[in-house]
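In what follows, a structure is listed as structure tokens, so that the remarks can point back to it.
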Amino acid sequence: MAIPGHVLTSFQADESQAQPLGPEWGNGVRYGRIVIAQAPSHAAWSSKVREKVTVPGVRVARPVRATDGRFTVAGYHATDFVEGEPGHRVDEAIAAALRFDDAMAYFPAPSLDRDDAWAEADRAAWKGRTGQDKKLQIVHADFLACCLFAGSLPPALTDFVPVAAARPHGYSAALTLIDGLLADAVDDAVLSRWSHVSDLYFLCERALDYREHLNSEFGGSSNISAKIDRVRGLLVSGADATL
């Protein structure tokens, strides 16, 4: 990614230290202690919240302001670099996602008028659903992809990615669980280990519908479709067992 020089200057980045990073950092570039990446539509909102929120047991990557105080410059934003790599520690990520939902219950949802594929998939997954009469709040649409691990340190979160609308508490964890199963990063018993989460199977069904809509939107990979069918079978079996 070629980042304009005036952006690097605005965030006081040392260009000589450039190190490209992966999707967990928005495919940005690390310059010493900071990461600069293209700013998604939610970047300003995420930066404002990450600047002040505390999530117990989670290392939140803080935003970096430009020299003039802005969070974004010419379509780019900056974040403090935190140590860690993506890993198959899904149960830890689920626990962290529940703590994230606890912390975010008191923040207003971003006022984003979204019509992107992710927003459409979220609306389709929840069409006609009431959220089991639970209080609705901000939840994280891509927690597992933004979650990093480093030894015995608490998990780190590189970004807050809101879904298109407020959803029930626990949905961040359900999405994390489903993403872990679809990635073959956790065993099937994860459903029973987290069955104490309120309305878990209902939330996991919505999460799986969300991923199925996105898979269809972006080409319909047969491999992912087969995994979605397998996980749907697990949900049906697990839901029946709890009746």
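In the structure tokens, chains take the letters A, B, ... in the order shown, each chain's residues start at 1, and ligands count up from 1 in the order shown.
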Subject >> Tyr171 in chain A surroundings by only C-alpha atoms, 12 Å radius, close-in-sequence under 2 positions cut, as number ranges by chain >> reply: A: 94, 97-102, 122, 126, 131-132, 134-143, 162-163, 165-169, 173-178, 197-208, 210
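Computed from the coordinates, the CA of Glu15 in chain A to CA of Tyr31 in chain A distance equals 6.5 Å.
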**OP:** May I have the residues within 8 Å of range 88-90 of chain A as number ranges by chain, using only C-alpha atoms and disregarding those fewer than 5 positions away in the same chain?
**Re:** A: 144, 149, 176-177, 180, 185-186
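Considering only range 31-193 of chain A, backbone DSSP assigns strand (DSSP E or B) to Tyr31, Ile34, Val35, Ile36, Ala37, Gln38, Arg59, Val60, Pro63, Val64, Thr72, Val73, Tyr76, His77, Ala78, Thr79, Asp80, Glu85, Leu136, Gln137, His140, Cys147, Leu148, Phe149, Ala156, Leu157, Pro162, Arg167 and Pro168 of chain A.
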Any chance you could export the current selection's N, CA and C atoms as a short mmCIF file (atom, residue, chain, number, x, y, z; two decimals), in the first residue's frame?
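Done, and the output landed in again.cif:
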data_model
loop_
_atom_site.label_atom_id
_atom_site.label_comp_id
_atom_site.auth_asym_id
_atom_site.auth_seq_id
_atom_site.Cartn_x
_atom_site.Cartn_y
_atom_site.Cartn_z
N TYR A 31 4.49 1.56 11.00
CA TYR A 31 5.62 2.48 11.05
C TYR A 31 6.01 2.62 12.51
N ILE A 34 3.05 2.78 15.27
CA ILE A 34 1.70 3.00 14.75
C ILE A 34 1.47 2.22 13.45
N VAL A 35 0.19 2.02 13.17
CA VAL A 35 -0.24 1.37 11.92
C VAL A 35 -1.14 2.34 11.17
N ILE A 36 -0.86 2.56 9.90
CA ILE A 36 -1.69 3.44 9.07
C ILE A 36 -2.37 2.58 8.01
N ALA A 37 -3.68 2.74 7.87
CA ALA A 37 -4.45 1.95 6.91
C ALA A 37 -5.54 2.83 6.31
N GLN A 38 -6.11 2.37 5.21
CA GLN A 38 -7.24 3.07 4.63
C GLN A 38 -8.39 3.07 5.63
N ARG A 59 -7.01 -5.98 25.43
CA ARG A 59 -6.12 -4.86 25.08
C ARG A 59 -6.70 -4.16 23.85
N VAL A 60 -7.22 -2.97 24.04
CA VAL A 60 -7.82 -2.22 22.94
C VAL A 60 -6.75 -1.38 22.25
N PRO A 63 -6.62 4.66 18.99
CA PRO A 63 -6.39 5.44 17.77
C PRO A 63 -5.28 6.46 17.97
N VAL A 64 -4.69 6.87 16.88
CA VAL A 64 -3.67 7.92 16.90
C VAL A 64 -4.21 9.11 16.13
N THR A 72 -8.89 10.99 10.91
CA THR A 72 -8.65 10.53 9.54
C THR A 72 -8.05 11.67 8.72
N VAL A 73 -7.17 11.30 7.81
CA VAL A 73 -6.52 12.25 6.91
C VAL A 73 -6.50 11.66 5.51
N TYR A 76 -7.27 7.99 5.32
CA TYR A 76 -6.45 7.07 6.10
C TYR A 76 -6.64 7.34 7.59
N HIS A 77 -6.42 6.31 8.40
CA HIS A 77 -6.45 6.49 9.86
C HIS A 77 -5.27 5.75 10.45
N ALA A 78 -4.95 6.06 11.69
CA ALA A 78 -3.78 5.48 12.35
C ALA A 78 -4.18 4.89 13.70
N THR A 79 -3.49 3.82 14.07
CA THR A 79 -3.78 3.09 15.30
C THR A 79 -2.48 2.69 15.97
N ASP A 80 -2.46 2.74 17.30
CA ASP A 80 -1.30 2.24 18.02
C ASP A 80 -1.12 0.75 17.73
N GLU A 85 -0.86 -11.96 17.16
CA GLU A 85 -1.14 -12.57 15.88
C GLU A 85 -2.50 -13.24 15.94
N LEU A 136 -31.38 -3.92 22.76
CA LEU A 136 -30.48 -3.90 21.61
C LEU A 136 -29.33 -2.92 21.84
N GLN A 137 -28.17 -3.22 21.25
CA GLN A 137 -26.97 -2.41 21.48
C GLN A 137 -26.01 -2.57 20.32
N HIS A 140 -20.15 -6.24 17.63
CA HIS A 140 -18.99 -6.28 16.73
C HIS A 140 -19.25 -7.26 15.60
N CYS A 147 -9.16 -9.90 16.37
CA CYS A 147 -8.65 -10.32 17.67
C CYS A 147 -7.26 -10.95 17.52
N LEU A 148 -6.31 -10.46 18.31
CA LEU A 148 -4.93 -10.93 18.26
C LEU A 148 -4.52 -11.54 19.60
N PHE A 149 -3.58 -12.49 19.53
CA PHE A 149 -3.09 -13.16 20.74
C PHE A 149 -1.57 -13.11 20.78
N ALA A 156 -6.07 -8.96 22.15
CA ALA A 156 -6.07 -7.57 21.71
C ALA A 156 -7.09 -7.39 20.60
N LEU A 157 -7.66 -6.20 20.52
CA LEU A 157 -8.65 -5.89 19.50
C LEU A 157 -8.17 -4.70 18.69
N PRO A 162 -18.84 -2.09 13.70
CA PRO A 162 -20.24 -2.24 14.07
C PRO A 162 -21.06 -2.91 12.97
N ARG A 167 -28.08 -4.79 17.86
CA ARG A 167 -28.48 -6.19 17.99
C ARG A 167 -28.40 -6.61 19.46
N PRO A 168 -28.91 -7.80 19.80
CA PRO A 168 -28.91 -8.22 21.21
C PRO A 168 -27.51 -8.47 21.76
#
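Atom pair CA of Pro20 in chain A / CA of Leu182 in chain A: separated by 26.7 Å.
Distance annotation: of A:Lys52, A:Ala183, A:Gly69, A:Asp115, the residue with the minimal separation from Asn223 in chain A is A:Ala183; atom set is only C-alpha atoms.
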Original post:
Given the choices A:Ser172, A:Pro108, A:Arg33, A:Ala74, which gets closest to Ala96 in chain A if the distance is worked out from only C-alpha atoms?
Top reply: A:Ser172
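The residue set within 10 Å of Ile224 in chain A, counting only C-alpha atoms and dropping same-chain residues fewer than 4 places from it, reads Leu182, Ala183, Arg211, Glu212, Asn215, Ser216, Gly220, Ile228, Asp229 and Arg230 of chain A.
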**OP:** Have a look at CA of Ala150 in chain A and CA of Gly87 in chain A and let me know their distance in Å, one decimal.
**Re:** 9.0 Å
